[in-house]
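Quick look at run-v4.cif (mmCIF, C-alpha atoms):
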data_structure
loop_
_atom_site.group_PDB
_atom_site.id
_atom_site.type_symbol
_atom_site.label_atom_id
_atom_site.label_comp_id
_atom_site.auth_asym_id
_atom_site.auth_seq_id
_atom_site.Cartn_x
_atom_site.Cartn_y
_atom_site.Cartn_z
ATOM 1 C CA MET A 1 0.000 0.000 0.000
ATOM 2 C CA THR A 2 1.343 3.425 -0.934
ATOM 3 C CA ILE A 3 1.205 6.442 1.342
ATOM 4 C CA GLN A 4 -1.287 8.057 -1.039
ATOM 5 C CA HIS A 5 -3.499 4.962 -0.822
ATOM 6 C CA SER A 6 -3.326 5.208 2.978
ATOM 7 C CA LEU A 7 -4.374 8.871 2.839
ATOM 8 C CA ASP A 8 -7.240 7.988 0.486
ATOM 9 C CA THR A 9 -8.344 5.254 2.913
ATOM 10 C CA LEU A 10 -8.307 7.660 5.869
ATOM 11 C CA GLN A 11 -10.342 10.201 3.918
ATOM 12 C CA ALA A 12 -12.864 7.696 2.533
ATOM 13 C CA TRP A 13 -13.744 6.334 5.976
ATOM 14 C CA THR A 14 -13.870 9.817 7.506
ATOM 15 C CA ILE A 15 -15.994 11.295 4.710
ATOM 16 C CA GLY A 16 -18.145 8.156 4.806
ATOM 17 C CA LEU A 17 -18.899 8.649 8.512
ATOM 18 C CA ARG A 18 -19.574 12.345 7.999
ATOM 19 C CA THR A 19 -22.032 11.553 5.211
ATOM 20 C CA ALA A 20 -23.692 8.651 7.071
ATOM 21 C CA MET A 21 -24.215 10.928 10.085
ATOM 22 C CA GLY A 22 -26.082 13.358 7.841
ATOM 23 C CA TYR A 23 -23.596 16.215 8.147
ATOM 24 C CA PRO A 24 -24.138 18.787 5.368
ATOM 25 C CA ASP A 25 -21.410 19.581 2.847
ATOM 26 C CA ALA A 26 -20.501 23.102 3.944
ATOM 27 C CA PRO A 27 -22.626 24.477 6.769
ATOM 28 C CA ILE A 28 -22.115 28.079 7.779
ATOM 29 C CA GLY A 29 -19.739 28.140 10.717
ATOM 30 C CA SER A 30 -19.088 24.392 10.367
ATOM 31 C CA PRO A 31 -19.629 23.516 14.060
ATOM 32 C CA VAL A 32 -18.310 19.935 13.763
ATOM 33 C CA ALA A 33 -14.918 18.842 12.423
ATOM 34 C CA PHE A 34 -14.209 15.322 11.211
ATOM 35 C CA ALA A 35 -10.636 14.088 11.570
ATOM 36 C CA SER A 36 -8.677 10.849 11.386
ATOM 37 C CA GLY A 37 -5.403 9.451 12.620
ATOM 38 C CA ARG A 38 -3.984 6.905 15.002
ATOM 39 C CA ARG A 39 -5.697 5.962 18.269
ATOM 40 C CA ARG A 40 -4.933 8.523 20.979
ATOM 41 C CA ASN A 41 -4.149 7.741 24.594
ATOM 42 C CA PRO A 42 -5.527 10.205 27.176
ATOM 43 C CA ILE A 43 -2.418 12.406 27.046
ATOM 44 C CA GLU A 44 -2.329 12.458 23.237
ATOM 45 C CA ALA A 45 -6.059 13.250 23.222
ATOM 46 C CA LEU A 46 -5.082 16.674 24.543
ATOM 47 C CA GLN A 47 -3.940 17.545 21.014
ATOM 48 C CA VAL A 48 -7.451 16.827 19.727
ATOM 49 C CA ALA A 49 -8.833 18.889 22.625
ATOM 50 C CA ASP A 50 -6.555 21.731 21.481
ATOM 51 C CA VAL A 51 -8.158 21.547 18.028
ATOM 52 C CA VAL A 52 -11.571 21.919 19.682
ATOM 53 C CA GLY A 53 -10.296 24.913 21.648
ATOM 54 C CA ASP A 54 -8.557 26.489 18.644
ATOM 55 C CA THR A 55 -11.509 26.109 16.292
ATOM 56 C CA GLY A 56 -14.553 26.173 18.571
ATOM 57 C CA ARG A 57 -15.765 22.988 16.860
ATOM 58 C CA ASP A 58 -16.580 19.556 18.239
ATOM 59 C CA VAL A 59 -14.398 16.824 16.690
ATOM 60 C CA VAL A 60 -15.435 13.368 15.504
ATOM 61 C CA TYR A 61 -12.132 11.467 15.342
ATOM 62 C CA VAL A 62 -11.827 8.273 13.257
ATOM 63 C CA GLU A 63 -9.012 6.054 14.567
ATOM 64 C CA PHE A 64 -6.718 3.784 12.568
ATOM 65 C CA ASP A 65 -3.883 1.370 13.234
ATOM 66 C CA THR A 66 -1.485 -0.181 10.755
ATOM 67 C CA PRO A 67 -2.151 -1.476 8.237
ATOM 68 C CA ILE A 68 -4.528 1.364 7.431
ATOM 69 C CA ALA A 69 -6.074 -0.678 4.606
ATOM 70 C CA SER A 70 -7.751 -2.840 7.262
ATOM 71 C CA GLY A 71 -10.033 0.094 8.013
ATOM 72 C CA PRO A 72 -10.720 2.055 11.173
ATOM 73 C CA ILE A 73 -10.391 0.562 14.640
ATOM 74 C CA GLY A 74 -12.689 3.022 16.363
ATOM 75 C CA VAL A 75 -14.168 6.471 16.715
ATOM 76 C CA SER A 76 -13.687 8.990 19.506
ATOM 77 C CA LEU A 77 -15.448 12.258 20.158
ATOM 78 C CA ALA A 78 -14.294 15.577 21.611
ATOM 79 C CA THR A 79 -17.127 17.935 22.586
ATOM 80 C CA ARG A 80 -17.132 21.505 23.828
ATOM 81 C CA ALA A 81 -18.288 22.181 27.363
ATOM 82 C CA THR A 82 -18.508 25.575 29.021
ATOM 83 C CA HIS A 83 -14.943 25.630 30.399
ATOM 84 C CA TRP A 84 -13.315 22.446 29.079
ATOM 85 C CA VAL A 85 -13.407 19.770 26.395
ATOM 86 C CA ASP A 86 -14.940 16.363 27.071
ATOM 87 C CA TRP A 87 -13.031 13.441 25.493
ATOM 88 C CA HIS A 88 -15.159 10.378 24.751
ATOM 89 C CA PRO A 89 -12.850 7.536 23.663
ATOM 90 C CA GLN A 90 -14.113 4.625 21.622
ATOM 91 C CA VAL A 91 -17.707 5.667 21.108
ATOM 92 C CA ARG A 92 -20.113 3.186 19.557
ATOM 93 C CA LEU A 93 -21.947 3.811 16.288
ATOM 94 C CA TYR A 94 -25.715 3.348 16.211
ATOM 95 C CA ALA A 95 -28.451 3.637 13.566
ATOM 96 C CA ALA A 96 -32.115 3.329 14.546
ATOM 97 C CA SER A 97 -33.079 2.078 11.052
ATOM 98 C CA ASP A 98 -31.583 1.487 7.613
ATOM 99 C CA GLU A 99 -32.649 5.006 6.614
ATOM 100 C CA ALA A 100 -31.610 6.749 9.837
ATOM 101 C CA PRO A 101 -28.356 8.667 10.162
ATOM 102 C CA ILE A 102 -25.572 7.188 12.243
ATOM 103 C CA GLU A 103 -25.384 8.455 15.818
ATOM 104 C CA LEU A 104 -22.516 8.238 18.303
ATOM 105 C CA LEU A 105 -23.075 6.568 21.663
ATOM 106 C CA THR A 106 -20.972 7.535 24.668
ATOM 107 C CA ASP A 107 -21.420 6.130 28.155
ATOM 108 C CA THR A 108 -24.001 8.775 28.955
ATOM 109 C CA HIS A 109 -25.457 10.204 25.726
ATOM 110 C CA ARG A 110 -26.513 9.597 22.155
ATOM 111 C CA TRP A 111 -24.957 12.255 19.892
ATOM 112 C CA SER A 112 -26.460 13.140 16.531
ATOM 113 C CA ILE A 113 -26.294 15.927 13.974
ATOM 114 C CA GLY A 114 -29.050 18.392 14.792
ATOM 115 C CA PRO A 115 -31.029 20.715 12.540
ATOM 116 C CA ARG A 116 -28.348 23.434 12.770
ATOM 117 C CA ALA A 117 -25.534 21.034 11.788
ATOM 118 C CA SER A 118 -24.220 20.833 15.349
ATOM 119 C CA LEU A 119 -23.935 17.820 17.619
ATOM 120 C CA ILE A 120 -26.836 17.415 20.010
ATOM 121 C CA ALA A 121 -27.022 15.053 22.967
ATOM 122 C CA SER A 122 -30.082 12.977 23.780
ATOM 123 C CA PRO A 123 -30.808 9.921 25.962
ATOM 124 C CA LEU A 124 -29.275 6.586 25.001
ATOM 125 C CA PRO A 125 -31.465 4.154 23.037
ATOM 126 C CA PRO A 126 -33.025 1.195 24.899
ATOM 127 C CA ARG A 127 -30.499 -1.579 25.633
ATOM 128 C CA GLY A 128 -32.575 -4.082 23.683
ATOM 129 C CA ARG A 129 -31.979 -2.138 20.466
ATOM 130 C CA LEU A 130 -28.240 -1.584 20.833
ATOM 131 C CA ALA A 131 -26.796 -4.709 19.196
ATOM 132 C CA ARG A 132 -28.960 -4.480 16.082
ATOM 133 C CA GLY A 133 -28.512 -0.696 15.813
ATOM 134 C CA MET A 134 -24.725 -0.971 16.148
ATOM 135 C CA ALA A 135 -24.501 -3.701 13.485
ATOM 136 C CA ARG A 136 -26.698 -1.618 11.191
ATOM 137 C CA ALA A 137 -24.516 1.475 11.724
ATOM 138 C CA ASN A 138 -21.310 -0.424 10.912
ATOM 139 C CA LYS A 139 -22.882 -1.696 7.693
ATOM 140 C CA LEU A 140 -24.069 1.802 6.729
ATOM 141 C CA TRP A 141 -20.610 3.217 7.452
ATOM 142 C CA ARG A 142 -18.848 0.597 5.306
ATOM 143 C CA GLU A 143 -21.223 1.354 2.424
ATOM 144 C CA ALA A 144 -20.738 5.118 2.794
ATOM 145 C CA ALA A 145 -16.939 4.721 2.887
ATOM 146 C CA LYS A 146 -17.025 2.753 -0.387
ATOM 147 C CA ARG A 147 -19.072 5.528 -2.023
ATOM 148 C CA ALA A 148 -16.679 8.181 -0.644
ATOM 149 C CA TRP A 149 -13.572 6.559 -2.122
ATOM 150 C CA GLY A 150 -11.709 9.106 -4.241
ATOM 151 C CA ILE A 151 -13.561 12.166 -2.928
ATOM 152 C CA LYS A 152 -11.189 14.932 -1.882
ATOM 153 C CA LEU A 153 -12.413 17.546 0.574
ATOM 154 C CA VAL A 154 -11.079 20.963 -0.278
ATOM 155 C CA GLY A 155 -9.648 22.631 2.798
ATOM 156 C CA SER A 156 -8.604 19.440 4.606
ATOM 157 C CA LEU A 157 -5.558 19.872 6.819
ATOM 158 C CA HIS A 158 -2.771 17.621 8.038
ATOM 159 C CA VAL A 159 -1.912 18.571 11.628
ATOM 160 C CA PRO A 160 1.388 16.895 12.551
ATOM 161 C CA ASP A 161 1.708 15.277 15.981
ATOM 162 C CA GLY A 162 2.418 17.907 18.583
ATOM 163 C CA ALA A 163 1.473 20.814 16.289
ATOM 164 C CA ARG A 164 -1.346 23.298 16.783
ATOM 165 C CA TYR A 165 -4.305 23.475 14.406
ATOM 166 C CA ALA A 166 -3.025 26.847 13.153
ATOM 167 C CA ASP A 167 0.133 25.044 11.968
ATOM 168 C CA GLY A 168 -1.869 22.572 9.852
ATOM 169 C CA ILE A 169 -0.723 21.915 6.300
ATOM 170 C CA PRO A 170 -3.296 21.757 3.467
ATOM 171 C CA MET A 171 -3.637 18.110 2.410
ATOM 172 C CA GLU A 172 -2.788 18.992 -1.199
ATOM 173 C CA GLU A 173 0.587 20.385 -0.076
ATOM 174 C CA PHE A 174 1.184 17.515 2.349
ATOM 175 C CA ALA A 175 0.404 14.854 -0.290
ATOM 176 C CA ALA A 176 2.787 16.545 -2.743
ATOM 177 C CA THR A 177 5.665 16.041 -0.267
ATOM 178 C CA LEU A 178 5.184 12.286 -0.113
#
Translate the structure described by the file into structure tokens.
Amino acid sequence: MTIQHSLDTLQAWTIGLRTAMGYPDAPIGSPVAFASGRRRNPIEALQVADVVGDTGRDVVYVEFDTPIASGPIGVSLATRATHWVDWHPQVRLYAASDEAPIELLTDTHRWSIGPRASLIASPLPPRGRLARGMARANKLWREAAKRAWGIKLVGSLHVPDGARYADGIPMEEFAATL
């Protein structure tokens, strides 16, 4: 697998989740950011929290391990609170039906894209529906990732480990250095 193929894989799965969650193409103010990279431990998650602080946007973070071609190993979520950022590692994906958008389940809430393109929290679904809803969501995500293959999002950034969001490199420039 080439580095470019790895980048395409990261983007396809990330764009696929964004689409399957029902996030619009370019909402005004863009209150949610979708990102991907390696799994973060609690200390490394502070870099994602910095992105939330720097941009004022919640972050849905798609996690990968090597080989990237195997697909994602999880999803985490960083949400804005009044004075801090909440880090929700390894959230579960859930879809109430085959036509419903994917939602993110933390230990305490069900997060979905609301009518103003922001994440909204609501009560968790009944336990009896979890297994089927999670299987359905994984299937919907796989299908969306296949459809997203080859799509390039203009304005995507590569933020190197340890760097601030403001130091991000446009993906087009980053890919040209590989």
Inset, instruction - Determine the residue membership of the PyMOL selection byres ((chain A and resi 24) around 12) for the file above and supply it as a list in words. - result: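 This file gives the following for the PyMOL selection byres ((chain A and resi 24) around 12): Ile15, Leu17, Arg18, Thr19, Ala20, Met21, Gly22, Tyr23, Asp25, Ala26, Pro27, Ile28, Gly29, Ser30, Pro31, Val32, Ala33, Pro101, Ile113, Gly114, Pro115, Arg116, Ala117 and Ser118 of chain A.
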Legend entry - Residue contacts of Tyr94 of chain A (8 Å, all atoms listed in the file) excluding same-chain residues fewer than 3 positions away, as a list in words: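 Surrounding residues, per the criterion: Ile102, Glu103, Leu104, Leu105, Leu130, Gly133, Met134, Ala135, Arg136, Ala137 and Asn138 of chain A.
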Inset, instruction - Counting all atoms listed in the file, select every polymer residue within 6 Å of (-1.8, 20.6, 9.6) as defined in the file's coordinates, and provide the selection as JSON, numbers by chain. - result: {"A": [157, 158, 159, 160, 167, 168, 169]}
Inset, instruction - For segment 64-73 of chain A, work out the shell of residues within 7 Å, counting all atoms listed in the file and skipping chain neighbours fewer than 5 positions away, then give it as number ranges by chain. - result: A: 6, 9, 37-39
Inset, instruction - Would you kindly return, as a list in words, each protein, DNA or RNA residue with an atom no farther than 10 Å from any atom of Val52 of chain A, considering only C-alpha atoms and excluding same-chain residues fewer than 2 positions away? - result: Pro31, Val32, Ala33, Leu46, Gln47, Val48, Ala49, Asp50, Asp54, Thr55, Gly56, Arg57, Asp58, Val59, Ala78, Thr79, Arg80, Trp84, Val85, Asp86 and Tyr165 of chain A
Inset, instruction - Enter the distance from atom CA of Asn41 of chain A to atom CA of Lys139 of chain A, in Å, rounded to one decimal. - result: 26.9 Å
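Checking A:Gly74, A:Ser36, A:Arg92, A:Gln11 one by one against Ala131 of chain A, counting all atoms listed in the file, you find the shortest gap at A:Arg92.
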Legend entry - Separation of atom CA of Ala12 of chain A from atom CA of Ser112 of chain A in Å: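 Interatomic distance, atom CA of Ser112 of chain A to atom CA of Ala12 of chain A: 20.3 Å.
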Inset, instruction - Considering only C-alpha atoms, return as a ChimeraX atom specification whatever protein or nucleic-acid residues lie within 7 Å of Tyr61 of chain A, sequence-local ones (same chain, fewer than 6 positions apart) excluded. - result: /A:34-36,75-77
Mind dumping the selected residues with C-alpha atoms as a short mmCIF file (atom, residue, chain, number, x, y, z; two decimals), in the coordinates of the input?
data_model
loop_
_atom_site.label_atom_id
_atom_site.label_comp_id
_atom_site.auth_asym_id
_atom_site.auth_seq_id
_atom_site.Cartn_x
_atom_site.Cartn_y
_atom_site.Cartn_z
CA PHE A 34 -14.21 15.32 11.21
CA ALA A 35 -10.64 14.09 11.57
CA SER A 36 -8.68 10.85 11.39
CA VAL A 75 -14.17 6.47 16.72
CA SER A 76 -13.69 8.99 19.51
CA LEU A 77 -15.45 12.26 20.16
#
Inset, instruction - Figure out the distance between atom CA of Thr106 of chain A and atom CA of Leu140 of chain A, please, to one decimal in Å. - result: 19.1 Å
Six-sided padding of 8 Å per side, axis-aligned box over segment 159-174 of chain A, centre and edges in Å, one decimal, as AutoDock Vina command-line options:
--center_x -0.9 --center_y 21.1 --center_z 8.7 --size_x 22.7 --size_y 27.6 --size_z 35.8
For the interface of segment 4-77 of chain A with segment 171-175 of chain A (cut-off 12 Å, counting all atoms listed in the file), please tabulate each contacting residue of segment 4-77 of chain A alongside its nearest pair of atoms and their separation in Å to one decimal, rows sorted by chain and increasing number, as JSON lines.
{"residue": "A:Gln4", "atom": "CA", "partner": "A:Ala175", "partner_atom": "CA", "distance": 7.0}
{"residue": "A:His5", "atom": "CA", "partner": "A:Ala175", "partner_atom": "CA", "distance": 10.6}
{"residue": "A:Ser6", "atom": "CA", "partner": "A:Ala175", "partner_atom": "CA", "distance": 10.8}
{"residue": "A:Leu7", "atom": "CA", "partner": "A:Ala175", "partner_atom": "CA", "distance": 8.3}
{"residue": "A:Asp8", "atom": "CA", "partner": "A:Ala175", "partner_atom": "CA", "distance": 10.3}
{"residue": "A:Leu10", "atom": "CA", "partner": "A:Met171", "partner_atom": "CA", "distance": 12.0}
{"residue": "A:Gln11", "atom": "CA", "partner": "A:Met171", "partner_atom": "CA", "distance": 10.5}
Rebuild segment 163-174 of chain A to all heavy atoms - output it as a compact mmCIF listing (two decimals), in the frame of the given file, please.
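selection_33.txt, freshly written:
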# COMPACT_ATOMS: atom_id res chain seq x y z
N ALA A 163 1.68 19.48 16.86
CA ALA A 163 1.47 20.81 16.29
C ALA A 163 0.10 21.36 16.67
O ALA A 163 -0.79 20.61 17.07
CB ALA A 163 1.61 20.76 14.77
N ARG A 164 -0.06 22.64 16.56
CA ARG A 164 -1.35 23.30 16.78
C ARG A 164 -2.14 23.29 15.47
O ARG A 164 -1.57 23.16 14.38
CB ARG A 164 -1.15 24.75 17.23
CG ARG A 164 -0.33 24.94 18.49
CD ARG A 164 -1.03 24.49 19.71
NE ARG A 164 -2.28 25.24 19.90
CZ ARG A 164 -2.95 25.25 21.02
NH1 ARG A 164 -2.53 24.56 22.04
NH2 ARG A 164 -4.07 25.92 21.13
N TYR A 165 -3.44 23.43 15.58
CA TYR A 165 -4.30 23.48 14.41
C TYR A 165 -3.85 24.58 13.44
O TYR A 165 -3.84 24.39 12.23
CB TYR A 165 -5.75 23.69 14.85
CG TYR A 165 -6.73 23.72 13.71
CD1 TYR A 165 -7.18 22.54 13.14
CD2 TYR A 165 -7.20 24.92 13.20
CE1 TYR A 165 -8.08 22.55 12.09
CE2 TYR A 165 -8.10 24.94 12.15
CZ TYR A 165 -8.54 23.76 11.60
OH TYR A 165 -9.41 23.78 10.55
N ALA A 166 -3.45 25.72 13.98
CA ALA A 166 -3.02 26.85 13.15
C ALA A 166 -1.80 26.50 12.31
O ALA A 166 -1.54 27.15 11.30
CB ALA A 166 -2.72 28.06 14.03
N ASP A 167 -1.05 25.47 12.71
CA ASP A 167 0.13 25.04 11.97
C ASP A 167 -0.18 23.94 10.97
O ASP A 167 0.74 23.37 10.37
CB ASP A 167 1.21 24.55 12.95
CG ASP A 167 1.63 25.63 13.93
OD1 ASP A 167 1.69 26.81 13.52
OD2 ASP A 167 1.88 25.30 15.10
N GLY A 168 -1.46 23.63 10.78
CA GLY A 168 -1.87 22.57 9.85
C GLY A 168 -1.44 22.88 8.43
O GLY A 168 -1.34 24.04 8.02
N ILE A 169 -1.18 21.82 7.68
CA ILE A 169 -0.72 21.92 6.30
C ILE A 169 -1.86 21.44 5.40
O ILE A 169 -2.41 20.36 5.62
CB ILE A 169 0.50 21.01 6.08
CG1 ILE A 169 1.61 21.34 7.07
CG2 ILE A 169 1.00 21.09 4.64
CD1 ILE A 169 2.64 20.24 7.22
N PRO A 170 -2.25 22.24 4.39
CA PRO A 170 -3.30 21.76 3.47
C PRO A 170 -2.92 20.38 2.91
O PRO A 170 -1.75 20.13 2.58
CB PRO A 170 -3.32 22.82 2.37
CG PRO A 170 -2.83 24.07 3.05
CD PRO A 170 -1.79 23.57 4.04
N MET A 171 -3.90 19.49 2.85
CA MET A 171 -3.64 18.11 2.41
C MET A 171 -3.01 18.06 1.03
O MET A 171 -2.17 17.20 0.76
CB MET A 171 -4.92 17.28 2.44
CG MET A 171 -5.32 16.83 3.83
SD MET A 171 -4.07 15.86 4.69
CE MET A 171 -4.04 14.37 3.73
N GLU A 172 -3.37 18.98 0.15
CA GLU A 172 -2.79 18.99 -1.20
C GLU A 172 -1.29 19.22 -1.12
O GLU A 172 -0.51 18.54 -1.82
CB GLU A 172 -3.45 20.08 -2.07
CG GLU A 172 -4.94 19.91 -2.28
CD GLU A 172 -5.81 20.41 -1.13
OE1 GLU A 172 -5.28 21.07 -0.19
OE2 GLU A 172 -7.01 20.12 -1.15
N GLU A 173 -0.85 20.14 -0.26
CA GLU A 173 0.59 20.39 -0.08
C GLU A 173 1.27 19.19 0.59
O GLU A 173 2.36 18.80 0.21
CB GLU A 173 0.81 21.64 0.77
CG GLU A 173 0.48 22.93 0.09
CD GLU A 173 0.70 24.11 1.02
OE1 GLU A 173 1.60 24.05 1.89
OE2 GLU A 173 -0.03 25.11 0.85
N PHE A 174 0.61 18.65 1.62
CA PHE A 174 1.18 17.52 2.35
C PHE A 174 1.37 16.31 1.43
O PHE A 174 2.43 15.70 1.40
CB PHE A 174 0.31 17.14 3.54
CG PHE A 174 0.78 15.93 4.29
CD1 PHE A 174 1.95 15.99 5.04
CD2 PHE A 174 0.08 14.75 4.24
CE1 PHE A 174 2.41 14.86 5.74
CE2 PHE A 174 0.52 13.62 4.93
CZ PHE A 174 1.70 13.69 5.67
